[in-house]
Amino acid sequence: MENRDFAYHEQCIQEEGITLVEVLVSIVLIVIMAIAGISNLVVALRTSKLTEVNHAATSLAISKVEQLASIDVLDLDAGDGGTENSVTWSDFTFTFTRVTTVTVNADNSRT
């Protein structure tokens, strides 16, 4: 009876050891997947911010072009261009430098 109890006890110890190893492997796998997920999240956030900045810059450029398009060609001159050092967009805290060059052609067409 004593040998049988010892064998049963030894089997229980081995099963607990396997369970512990499985838990540790599972934890390691979860940590690896979490690290991969976090790095993907960081890349996605950076890409989103870059897209937002590009959209803001494009919108500012379009607004300036539309502003200049509303002015009669005969009233345009080089003074309508220039550099703006602090151009903000919407509610965002982006600050851009916008350089506008106006060229009036000899035939008074827009460039």
# chains A, B, ... in the order shown; residues from 1 in each chain; ligands from 1
$ closest_atom_pairs --of "stretch 16-77 of chain A" --to "stretch 100-107 of chain A" --cutoff "10 Å" --atoms "only C-alpha atoms" --output "Markdown table"
| residue | atom | partner | partner_atom | distance |
| --- | --- | --- | --- | --- |
| A:Ala61 | CA | A:Thr100 | CA | 9.0 |
| A:Lys64 | CA | A:Thr100 | CA | 8.2 |
| A:Val65 | CA | A:Thr100 | CA | 9.0 |
| A:Leu68 | CA | A:Val102 | CA | 8.7 |
| A:Val73 | CA | A:Val104 | CA | 7.5 |
| A:Leu74 | CA | A:Val104 | CA | 8.4 |
| A:Asp75 | CA | A:Val104 | CA | 9.7 |
| A:Leu76 | CA | A:Val104 | CA | 6.9 |
| A:Asp77 | CA | A:Val104 | CA | 6.4 |
$ select_by_dssp --residues "stretch 32-84 of chain A" --states "helix (DSSP H, G or I)" --output "PyMOL selection string"
chain A and resi 32-69+73-75+78-80
$ write_last_selection --atoms "C-alpha atoms" --output "short mmCIF file (atom, residue, chain, number, x, y, z; two decimals), in the first residue's frame"
data_model
loop_
_atom_site.label_atom_id
_atom_site.label_comp_id
_atom_site.auth_asym_id
_atom_site.auth_seq_id
_atom_site.Cartn_x
_atom_site.Cartn_y
_atom_site.Cartn_z
CA ILE A 32 5.27 38.30 -26.67
CA MET A 33 1.90 38.89 -28.32
CA ALA A 34 1.29 41.96 -26.13
CA ILE A 35 4.66 43.44 -27.09
CA ALA A 36 3.90 42.86 -30.78
CA GLY A 37 0.46 44.42 -30.36
CA ILE A 38 1.83 47.46 -28.55
CA SER A 39 4.50 48.04 -31.19
CA ASN A 40 1.82 47.84 -33.90
CA LEU A 41 -0.28 50.32 -31.95
CA VAL A 42 2.63 52.76 -31.73
CA VAL A 43 3.21 52.53 -35.49
CA ALA A 44 -0.50 53.05 -36.15
CA LEU A 45 -0.60 56.13 -33.91
CA ARG A 46 2.45 57.64 -35.61
CA THR A 47 0.95 57.00 -39.04
CA SER A 48 -2.34 58.54 -37.94
CA LYS A 49 -0.58 61.67 -36.66
CA LEU A 50 1.44 61.99 -39.87
CA THR A 51 -1.73 61.66 -41.93
CA GLU A 52 -3.41 64.31 -39.79
CA VAL A 53 -0.49 66.72 -40.25
CA ASN A 54 -0.42 66.12 -44.01
CA HIS A 55 -4.17 66.71 -44.20
CA ALA A 56 -3.83 69.97 -42.26
CA ALA A 57 -1.00 71.19 -44.49
CA THR A 58 -2.94 70.30 -47.64
CA SER A 59 -6.06 72.05 -46.35
CA LEU A 60 -4.05 75.19 -45.56
CA ALA A 61 -2.50 75.17 -49.03
CA ILE A 62 -5.90 74.75 -50.68
CA SER A 63 -7.37 77.58 -48.60
CA LYS A 64 -4.57 79.92 -49.70
CA VAL A 65 -5.02 78.94 -53.35
CA GLU A 66 -8.76 79.57 -53.08
CA GLN A 67 -8.11 82.93 -51.42
CA LEU A 68 -5.77 83.96 -54.24
CA ALA A 69 -8.17 82.60 -56.88
CA VAL A 73 -5.85 88.71 -61.83
CA LEU A 74 -5.25 92.40 -62.46
CA ASP A 75 -5.18 93.04 -58.71
CA ALA A 78 4.10 89.77 -55.89
CA GLY A 79 3.00 91.45 -52.66
CA ASP A 80 0.15 88.97 -52.35
#
$ atom_distance --atom1 "atom CA of A:Ser109" --atom2 "atom CA of A:Val87"
27.8 Å
